[in-house]
Amino acid sequence: MDAVRVSALRQHLAGTGWLEAVGGFAGSLRRSVSRRGAGGLLLIGTEAYEPWHLAAHLADEAAWSAVPRLAPTLLRHAPPVGAPAHLAHGLSRLTGAGRGATVLVVAPETAGAPLLERVQDARRHGATVLALDGAAPAEPGDLGGLAHERLAVGTADEEPFDLAQHLVSAAAGRPPARRAALDRLAELAGRLTAPPAISRW
């Protein structure tokens, strides 16, 4: 995302409350992984969407910040045979997720029933469930209804959804601060326009 578009975005978001919502959601993610023991952060998308970029950004933030538990385990619906160890975790990991685990579900479109059933089981066993998803109203039994906390992006268009993941991961790596929302966004925008770090993802 170039500087001109980031500047335009800053102006567009000023006063909307969206930056505060992103900051609140990211803070909840940081607190959950910081306090919840050895369960770790489990990151899962839908069958049609795997959150590769968010996994990489969270791993980077874990390395840069003092919160190593931000580094996620990416769960995949159908990991191929012979995949590297860090990319070979399937949905069965959700079955064992319980107290101490944080489950972050990223779903630009509706999550399917098999995923929702596993997420519901993880929540029932004590896992904290966070959802970053499209803006359909939350209903009992759907992802929005299952999540302890939800950030509805407002659109499933690729660019805004990708931007939300950038901002959530960058904000999660920052300790709470008293700076104004626009100051925080300006700093994050600088990070987004910098050359990407080398990552194993």
# chains A, B, ... in the order shown; residues from 1 in each chain; ligands from 1
>>> residues_around(residues="Val153 (chain A)", least_positions_apart="4", cutoff="8 Å", atoms="only C-alpha atoms", output="list in words")
Leu132, Asp133, Gly134, Ala135, Pro160, Phe161 and Ala164 of chain A
>>> residues_around(residues="Leu143 (chain A)", least_positions_apart="2", cutoff="12 Å", atoms="only C-alpha atoms", output="PDB file with N, CA, C and O atoms, in the first residue's frame")
ATOM      1  N   GLY A  45      -8.362 -19.975   8.798  1.00  0.00           N
ATOM      2  CA  GLY A  45      -9.236 -19.303   7.848  1.00  0.00           C
ATOM      3  C   GLY A  45     -10.382 -20.216   7.448  1.00  0.00           C
ATOM      4  O   GLY A  45     -10.695 -21.194   8.135  1.00  0.00           O
ATOM      5  N   THR A  46     -10.987 -19.910   6.325  1.00  0.00           N
ATOM      6  CA  THR A  46     -12.058 -20.747   5.793  1.00  0.00           C
ATOM      7  C   THR A  46     -11.472 -21.721   4.775  1.00  0.00           C
ATOM      8  O   THR A  46     -10.282 -21.667   4.458  1.00  0.00           O
ATOM      9  N   VAL A 103      -8.049 -18.916  19.811  1.00  0.00           N
ATOM     10  CA  VAL A 103      -8.372 -19.276  18.431  1.00  0.00           C
ATOM     11  C   VAL A 103      -8.774 -18.004  17.696  1.00  0.00           C
ATOM     12  O   VAL A 103      -9.742 -17.337  18.073  1.00  0.00           O
ATOM     13  N   LEU A 104      -8.008 -17.641  16.667  1.00  0.00           N
ATOM     14  CA  LEU A 104      -8.311 -16.471  15.837  1.00  0.00           C
ATOM     15  C   LEU A 104      -8.785 -16.967  14.479  1.00  0.00           C
ATOM     16  O   LEU A 104      -8.032 -17.594  13.739  1.00  0.00           O
ATOM     17  N   VAL A 105     -10.050 -16.692  14.168  1.00  0.00           N
ATOM     18  CA  VAL A 105     -10.650 -17.142  12.905  1.00  0.00           C
ATOM     19  C   VAL A 105     -10.743 -15.947  11.965  1.00  0.00           C
ATOM     20  O   VAL A 105     -11.273 -14.891  12.334  1.00  0.00           O
ATOM     21  N   VAL A 106     -10.226 -16.114  10.750  1.00  0.00           N
ATOM     22  CA  VAL A 106     -10.237 -15.059   9.737  1.00  0.00           C
ATOM     23  C   VAL A 106     -11.125 -15.525   8.598  1.00  0.00           C
ATOM     24  O   VAL A 106     -10.838 -16.523   7.940  1.00  0.00           O
ATOM     25  N   ALA A 107     -12.226 -14.808   8.369  1.00  0.00           N
ATOM     26  CA  ALA A 107     -13.229 -15.284   7.407  1.00  0.00           C
ATOM     27  C   ALA A 107     -13.821 -14.121   6.631  1.00  0.00           C
ATOM     28  O   ALA A 107     -14.781 -13.502   7.079  1.00  0.00           O
ATOM     29  N   PRO A 108     -13.265 -13.809   5.448  1.00  0.00           N
ATOM     30  CA  PRO A 108     -13.870 -12.742   4.644  1.00  0.00           C
ATOM     31  C   PRO A 108     -15.257 -13.110   4.125  1.00  0.00           C
ATOM     32  O   PRO A 108     -16.057 -12.237   3.809  1.00  0.00           O
ATOM     33  N   GLU A 109     -15.542 -14.419   4.074  1.00  0.00           N
ATOM     34  CA  GLU A 109     -16.870 -14.877   3.685  1.00  0.00           C
ATOM     35  C   GLU A 109     -17.410 -15.791   4.777  1.00  0.00           C
ATOM     36  O   GLU A 109     -16.742 -16.036   5.775  1.00  0.00           O
ATOM     37  N   THR A 110     -18.599 -16.300   4.590  1.00  0.00           N
ATOM     38  CA  THR A 110     -19.238 -17.125   5.610  1.00  0.00           C
ATOM     39  C   THR A 110     -18.416 -18.371   5.918  1.00  0.00           C
ATOM     40  O   THR A 110     -17.957 -19.067   5.008  1.00  0.00           O
ATOM     41  N   ALA A 111     -18.219 -18.633   7.194  1.00  0.00           N
ATOM     42  CA  ALA A 111     -17.513 -19.846   7.615  1.00  0.00           C
ATOM     43  C   ALA A 111     -18.448 -21.047   7.496  1.00  0.00           C
ATOM     44  O   ALA A 111     -19.629 -20.967   7.839  1.00  0.00           O
ATOM     45  N   GLY A 112     -17.916 -22.165   7.018  1.00  0.00           N
ATOM     46  CA  GLY A 112     -18.728 -23.359   6.824  1.00  0.00           C
ATOM     47  C   GLY A 112     -19.028 -24.082   8.123  1.00  0.00           C
ATOM     48  O   GLY A 112     -18.362 -23.891   9.148  1.00  0.00           O
ATOM     49  N   ALA A 113     -20.028 -24.948   8.073  1.00  0.00           N
ATOM     50  CA  ALA A 113     -20.479 -25.664   9.268  1.00  0.00           C
ATOM     51  C   ALA A 113     -19.383 -26.511   9.921  1.00  0.00           C
ATOM     52  O   ALA A 113     -19.269 -26.513  11.142  1.00  0.00           O
ATOM     53  N   PRO A 114     -18.547 -27.251   9.153  1.00  0.00           N
ATOM     54  CA  PRO A 114     -17.512 -28.055   9.817  1.00  0.00           C
ATOM     55  C   PRO A 114     -16.560 -27.206  10.656  1.00  0.00           C
ATOM     56  O   PRO A 114     -16.192 -27.597  11.774  1.00  0.00           O
ATOM     57  N   LEU A 115     -16.162 -26.048  10.134  1.00  0.00           N
ATOM     58  CA  LEU A 115     -15.282 -25.159  10.897  1.00  0.00           C
ATOM     59  C   LEU A 115     -16.000 -24.619  12.127  1.00  0.00           C
ATOM     60  O   LEU A 115     -15.442 -24.603  13.233  1.00  0.00           O
ATOM     61  N   LEU A 116     -17.232 -24.192  11.959  1.00  0.00           N
ATOM     62  CA  LEU A 116     -17.980 -23.629  13.088  1.00  0.00           C
ATOM     63  C   LEU A 116     -18.160 -24.658  14.200  1.00  0.00           C
ATOM     64  O   LEU A 116     -18.072 -24.325  15.390  1.00  0.00           O
ATOM     65  N   GLU A 117     -18.385 -25.910  13.833  1.00  0.00           N
ATOM     66  CA  GLU A 117     -18.544 -26.954  14.850  1.00  0.00           C
ATOM     67  C   GLU A 117     -17.264 -27.121  15.665  1.00  0.00           C
ATOM     68  O   GLU A 117     -17.298 -27.248  16.894  1.00  0.00           O
ATOM     69  N   ARG A 118     -16.113 -27.098  14.994  1.00  0.00           N
ATOM     70  CA  ARG A 118     -14.840 -27.253  15.698  1.00  0.00           C
ATOM     71  C   ARG A 118     -14.538 -26.031  16.566  1.00  0.00           C
ATOM     72  O   ARG A 118     -14.010 -26.164  17.669  1.00  0.00           O
ATOM     73  N   VAL A 119     -14.856 -24.852  16.050  1.00  0.00           N
ATOM     74  CA  VAL A 119     -14.647 -23.636  16.845  1.00  0.00           C
ATOM     75  C   VAL A 119     -15.550 -23.653  18.068  1.00  0.00           C
ATOM     76  O   VAL A 119     -15.140 -23.282  19.180  1.00  0.00           O
ATOM     77  N   GLN A 120     -16.780 -24.091  17.888  1.00  0.00           N
ATOM     78  CA  GLN A 120     -17.702 -24.185  19.017  1.00  0.00           C
ATOM     79  C   GLN A 120     -17.175 -25.161  20.072  1.00  0.00           C
ATOM     80  O   GLN A 120     -17.254 -24.899  21.281  1.00  0.00           O
ATOM     81  N   ARG A 123     -14.374 -23.482  21.982  1.00  0.00           N
ATOM     82  CA  ARG A 123     -14.908 -22.518  22.944  1.00  0.00           C
ATOM     83  C   ARG A 123     -15.513 -23.245  24.147  1.00  0.00           C
ATOM     84  O   ARG A 123     -15.320 -22.828  25.290  1.00  0.00           O
ATOM     85  N   VAL A 129     -12.108 -17.344  21.723  1.00  0.00           N
ATOM     86  CA  VAL A 129     -12.324 -17.275  20.278  1.00  0.00           C
ATOM     87  C   VAL A 129     -12.448 -15.818  19.854  1.00  0.00           C
ATOM     88  O   VAL A 129     -13.278 -15.067  20.377  1.00  0.00           O
ATOM     89  N   LEU A 130     -11.606 -15.417  18.908  1.00  0.00           N
ATOM     90  CA  LEU A 130     -11.654 -14.092  18.308  1.00  0.00           C
ATOM     91  C   LEU A 130     -11.940 -14.259  16.821  1.00  0.00           C
ATOM     92  O   LEU A 130     -11.461 -15.205  16.194  1.00  0.00           O
ATOM     93  N   ALA A 131     -12.710 -13.337  16.257  1.00  0.00           N
ATOM     94  CA  ALA A 131     -13.079 -13.446  14.842  1.00  0.00           C
ATOM     95  C   ALA A 131     -12.804 -12.134  14.118  1.00  0.00           C
ATOM     96  O   ALA A 131     -13.186 -11.061  14.591  1.00  0.00           O
ATOM     97  N   LEU A 132     -12.148 -12.237  12.979  1.00  0.00           N
ATOM     98  CA  LEU A 132     -11.962 -11.128  12.046  1.00  0.00           C
ATOM     99  C   LEU A 132     -12.706 -11.534  10.787  1.00  0.00           C
ATOM    100  O   LEU A 132     -12.307 -12.462  10.094  1.00  0.00           O
ATOM    101  N   ASP A 133     -13.835 -10.877  10.526  1.00  0.00           N
ATOM    102  CA  ASP A 133     -14.681 -11.389   9.455  1.00  0.00           C
ATOM    103  C   ASP A 133     -15.420 -10.269   8.738  1.00  0.00           C
ATOM    104  O   ASP A 133     -15.263  -9.088   9.049  1.00  0.00           O
ATOM    105  N   GLY A 134     -16.204 -10.670   7.717  1.00  0.00           N
ATOM    106  CA  GLY A 134     -17.048  -9.734   7.005  1.00  0.00           C
ATOM    107  C   GLY A 134     -18.144  -9.206   7.909  1.00  0.00           C
ATOM    108  O   GLY A 134     -18.277  -9.609   9.063  1.00  0.00           O
ATOM    109  N   ALA A 135     -18.953  -8.313   7.417  1.00  0.00           N
ATOM    110  CA  ALA A 135     -19.835  -7.543   8.287  1.00  0.00           C
ATOM    111  C   ALA A 135     -21.255  -8.071   8.398  1.00  0.00           C
ATOM    112  O   ALA A 135     -22.152  -7.327   8.756  1.00  0.00           O
ATOM    113  N   ALA A 136     -21.497  -9.328   8.081  1.00  0.00           N
ATOM    114  CA  ALA A 136     -22.853  -9.853   8.263  1.00  0.00           C
ATOM    115  C   ALA A 136     -23.218  -9.797   9.747  1.00  0.00           C
ATOM    116  O   ALA A 136     -22.372 -10.027  10.605  1.00  0.00           O
ATOM    117  N   PRO A 137     -24.471  -9.486  10.076  1.00  0.00           N
ATOM    118  CA  PRO A 137     -24.865  -9.427  11.492  1.00  0.00           C
ATOM    119  C   PRO A 137     -24.603 -10.751  12.195  1.00  0.00           C
ATOM    120  O   PRO A 137     -24.797 -11.820  11.629  1.00  0.00           O
ATOM    121  N   ALA A 138     -24.126 -10.666  13.423  1.00  0.00           N
ATOM    122  CA  ALA A 138     -23.848 -11.875  14.200  1.00  0.00           C
ATOM    123  C   ALA A 138     -25.142 -12.569  14.578  1.00  0.00           C
ATOM    124  O   ALA A 138     -26.106 -11.935  14.997  1.00  0.00           O
ATOM    125  N   GLU A 139     -25.151 -13.874  14.418  1.00  0.00           N
ATOM    126  CA  GLU A 139     -26.302 -14.692  14.784  1.00  0.00           C
ATOM    127  C   GLU A 139     -25.825 -15.840  15.672  1.00  0.00           C
ATOM    128  O   GLU A 139     -24.687 -16.295  15.538  1.00  0.00           O
ATOM    129  N   PRO A 140     -26.695 -16.360  16.557  1.00  0.00           N
ATOM    130  CA  PRO A 140     -26.297 -17.518  17.367  1.00  0.00           C
ATOM    131  C   PRO A 140     -25.893 -18.681  16.470  1.00  0.00           C
ATOM    132  O   PRO A 140     -26.584 -19.000  15.506  1.00  0.00           O
ATOM    133  N   GLY A 141     -24.737 -19.277  16.777  1.00  0.00           N
ATOM    134  CA  GLY A 141     -24.278 -20.421  16.004  1.00  0.00           C
ATOM    135  C   GLY A 141     -23.400 -20.077  14.827  1.00  0.00           C
ATOM    136  O   GLY A 141     -22.729 -20.949  14.293  1.00  0.00           O
ATOM    137  N   GLY A 145     -21.486 -15.018  16.334  1.00  0.00           N
ATOM    138  CA  GLY A 145     -22.150 -15.398  17.570  1.00  0.00           C
ATOM    139  C   GLY A 145     -21.285 -16.255  18.477  1.00  0.00           C
ATOM    140  O   GLY A 145     -21.476 -16.262  19.694  1.00  0.00           O
ATOM    141  N   LEU A 146     -20.298 -16.967  17.902  1.00  0.00           N
ATOM    142  CA  LEU A 146     -19.428 -17.826  18.698  1.00  0.00           C
ATOM    143  C   LEU A 146     -18.257 -17.077  19.313  1.00  0.00           C
ATOM    144  O   LEU A 146     -17.714 -17.485  20.330  1.00  0.00           O
ATOM    145  N   ALA A 147     -17.855 -15.983  18.688  1.00  0.00           N
ATOM    146  CA  ALA A 147     -16.641 -15.290  19.108  1.00  0.00           C
ATOM    147  C   ALA A 147     -16.852 -14.533  20.414  1.00  0.00           C
ATOM    148  O   ALA A 147     -17.894 -13.923  20.630  1.00  0.00           O
ATOM    149  N   HIS A 148     -15.827 -14.587  21.268  1.00  0.00           N
ATOM    150  CA  HIS A 148     -15.831 -13.741  22.461  1.00  0.00           C
ATOM    151  C   HIS A 148     -15.674 -12.282  22.066  1.00  0.00           C
ATOM    152  O   HIS A 148     -16.222 -11.395  22.715  1.00  0.00           O
ATOM    153  N   GLU A 149     -14.892 -12.048  21.016  1.00  0.00           N
ATOM    154  CA  GLU A 149     -14.747 -10.697  20.478  1.00  0.00           C
ATOM    155  C   GLU A 149     -14.607 -10.783  18.976  1.00  0.00           C
ATOM    156  O   GLU A 149     -13.982 -11.698  18.446  1.00  0.00           O
ATOM    157  N   ARG A 150     -15.193  -9.794  18.288  1.00  0.00           N
ATOM    158  CA  ARG A 150     -15.261  -9.834  16.833  1.00  0.00           C
ATOM    159  C   ARG A 150     -14.904  -8.470  16.262  1.00  0.00           C
ATOM    160  O   ARG A 150     -15.307  -7.437  16.799  1.00  0.00           O
ATOM    161  N   LEU A 151     -14.135  -8.467  15.166  1.00  0.00           N
ATOM    162  CA  LEU A 151     -13.907  -7.256  14.394  1.00  0.00           C
ATOM    163  C   LEU A 151     -14.514  -7.476  13.019  1.00  0.00           C
ATOM    164  O   LEU A 151     -14.023  -8.278  12.235  1.00  0.00           O
ATOM    165  N   ALA A 152     -15.620  -6.790  12.756  1.00  0.00           N
ATOM    166  CA  ALA A 152     -16.284  -6.882  11.453  1.00  0.00           C
ATOM    167  C   ALA A 152     -15.678  -5.823  10.552  1.00  0.00           C
ATOM    168  O   ALA A 152     -15.752  -4.629  10.835  1.00  0.00           O
TER     169      ALA A 152
END
>>> closest_residue(among="A:Leu163, A:Ala26, A:Ala56, A:Ala171", to="Leu43 (chain A)", atoms="only C-alpha atoms")
A:Ala56
>>> residues_around(residues="Ser32 (chain A)", least_positions_apart="6", cutoff="9 Å", atoms="only C-alpha atoms", output="list in words")
Leu41, Gly100, Ala101, Thr102 and Thr128 of chain A
>>> write_last_selection(atoms="C-alpha atoms", output="compact mmCIF listing (two decimals), in the first residue's frame")
# COMPACT_ATOMS: atom_id res chain seq x y z
CA LEU A 41 -2.45 -18.87 19.28
CA GLY A 100 -5.19 -21.56 27.65
CA ALA A 101 -5.64 -21.48 23.87
CA THR A 102 -6.63 -18.51 21.73
CA THR A 128 -10.87 -17.82 23.77
>>> atom_distance(atom1="CA of Gln165 (chain A)", atom2="CA of Arg93 (chain A)")
22.6 Å
>>> closest_residue(among="A:Val22, A:Ala78, A:Ala127, A:Ala170", to="Glu61 (chain A)", atoms="only C-alpha atoms")
A:Ala170
>>> atom_distance(atom1="CA of Leu70 (chain A)", atom2="CA of Glu47 (chain A)")
23.1 Å
>>> select_by_dssp(residues="region 4-175 of chain A", states="alpha helix (DSSP H)", output="number ranges by chain")
A: 4-13, 18-35, 52-64, 92-95, 113-124, 143-146, 158-172
>>> atom_distance(atom1="CA of Val81 (chain A)", atom2="CA of Gly96 (chain A)")
21.6 Å
>>> residues_around(residues="Leu29 (chain A)", least_positions_apart="4", cutoff="8 Å", atoms="only C-alpha atoms", output="PyMOL selection string")
chain A and resi 25+33+130+172
>>> write_last_selection(atoms="N, CA and C atoms", output="PDB file, in the first residue's frame")
ATOM      1  N   PHE A  25      -9.597  -4.543  19.388  1.00  0.00           N
ATOM      2  CA  PHE A  25      -9.521  -5.960  19.020  1.00  0.00           C
ATOM      3  C   PHE A  25      -8.088  -6.473  19.142  1.00  0.00           C
ATOM      4  N   VAL A  33      -3.254 -13.874  24.397  1.00  0.00           N
ATOM      5  CA  VAL A  33      -2.093 -14.749  24.218  1.00  0.00           C
ATOM      6  C   VAL A  33      -1.061 -14.532  25.321  1.00  0.00           C
ATOM      7  N   LEU A 130     -11.606 -15.417  18.908  1.00  0.00           N
ATOM      8  CA  LEU A 130     -11.654 -14.092  18.308  1.00  0.00           C
ATOM      9  C   LEU A 130     -11.940 -14.259  16.821  1.00  0.00           C
ATOM     10  N   ALA A 172      -1.303  -5.287  17.561  1.00  0.00           N
ATOM     11  CA  ALA A 172      -1.162  -6.325  18.596  1.00  0.00           C
ATOM     12  C   ALA A 172       0.266  -6.392  19.124  1.00  0.00           C
TER      13      ALA A 172
END
>>> decode(residues="region 55-101 of chain A", atoms="C-alpha atoms", output="mmCIF file, in the first residue's frame")
data_model
loop_
_atom_site.group_PDB
_atom_site.id
_atom_site.type_symbol
_atom_site.label_atom_id
_atom_site.label_comp_id
_atom_site.auth_asym_id
_atom_site.auth_seq_id
_atom_site.Cartn_x
_atom_site.Cartn_y
_atom_site.Cartn_z
ATOM 1 C CA ALA A 55 0.354 -15.513 9.976
ATOM 2 C CA ALA A 56 3.552 -13.938 8.648
ATOM 3 C CA HIS A 57 2.802 -10.514 10.134
ATOM 4 C CA LEU A 58 1.972 -11.961 13.548
ATOM 5 C CA ALA A 59 5.180 -14.012 13.498
ATOM 6 C CA ASP A 60 7.122 -10.833 12.703
ATOM 7 C CA GLU A 61 5.393 -8.905 15.483
ATOM 8 C CA ALA A 62 6.128 -11.723 17.927
ATOM 9 C CA ALA A 63 9.816 -11.435 17.051
ATOM 10 C CA TRP A 64 9.892 -7.621 17.275
ATOM 11 C CA SER A 65 7.812 -7.279 20.417
ATOM 12 C CA ALA A 66 8.138 -8.867 23.817
ATOM 13 C CA VAL A 67 5.138 -11.122 23.150
ATOM 14 C CA PRO A 68 6.488 -14.350 21.617
ATOM 15 C CA ARG A 69 3.079 -16.003 21.992
ATOM 16 C CA LEU A 70 1.770 -13.781 19.188
ATOM 17 C CA ALA A 71 3.502 -16.201 16.809
ATOM 18 C CA PRO A 72 0.599 -18.323 15.544
ATOM 19 C CA THR A 73 0.148 -21.919 14.564
ATOM 20 C CA LEU A 74 -1.546 -21.767 11.156
ATOM 21 C CA LEU A 75 -4.248 -24.421 10.859
ATOM 22 C CA ARG A 76 -5.212 -25.567 7.364
ATOM 23 C CA HIS A 77 -8.307 -27.344 6.125
ATOM 24 C CA ALA A 78 -6.336 -29.717 3.882
ATOM 25 C CA PRO A 79 -2.562 -29.556 4.422
ATOM 26 C CA PRO A 80 -0.828 -31.408 1.596
ATOM 27 C CA VAL A 81 1.287 -34.466 2.215
ATOM 28 C CA GLY A 82 4.905 -33.451 2.656
ATOM 29 C CA ALA A 83 4.156 -29.873 3.726
ATOM 30 C CA PRO A 84 6.797 -28.268 5.985
ATOM 31 C CA ALA A 85 6.124 -28.926 9.663
ATOM 32 C CA HIS A 86 4.889 -25.393 10.398
ATOM 33 C CA LEU A 87 2.409 -25.620 7.485
ATOM 34 C CA ALA A 88 1.160 -29.148 8.157
ATOM 35 C CA HIS A 89 -1.284 -28.520 11.018
ATOM 36 C CA GLY A 90 -4.874 -29.504 10.233
ATOM 37 C CA LEU A 91 -8.210 -28.735 11.834
ATOM 38 C CA SER A 92 -7.713 -31.591 14.272
ATOM 39 C CA ARG A 93 -5.663 -29.162 16.378
ATOM 40 C CA LEU A 94 -8.924 -27.347 17.162
ATOM 41 C CA THR A 95 -10.256 -30.519 18.767
ATOM 42 C CA GLY A 96 -7.617 -30.310 21.473
ATOM 43 C CA ALA A 97 -7.858 -26.547 21.932
ATOM 44 C CA GLY A 98 -9.146 -25.693 25.367
ATOM 45 C CA ARG A 99 -8.380 -23.493 28.327
ATOM 46 C CA GLY A 100 -5.188 -21.564 27.654
ATOM 47 C CA ALA A 101 -5.638 -21.485 23.868
#
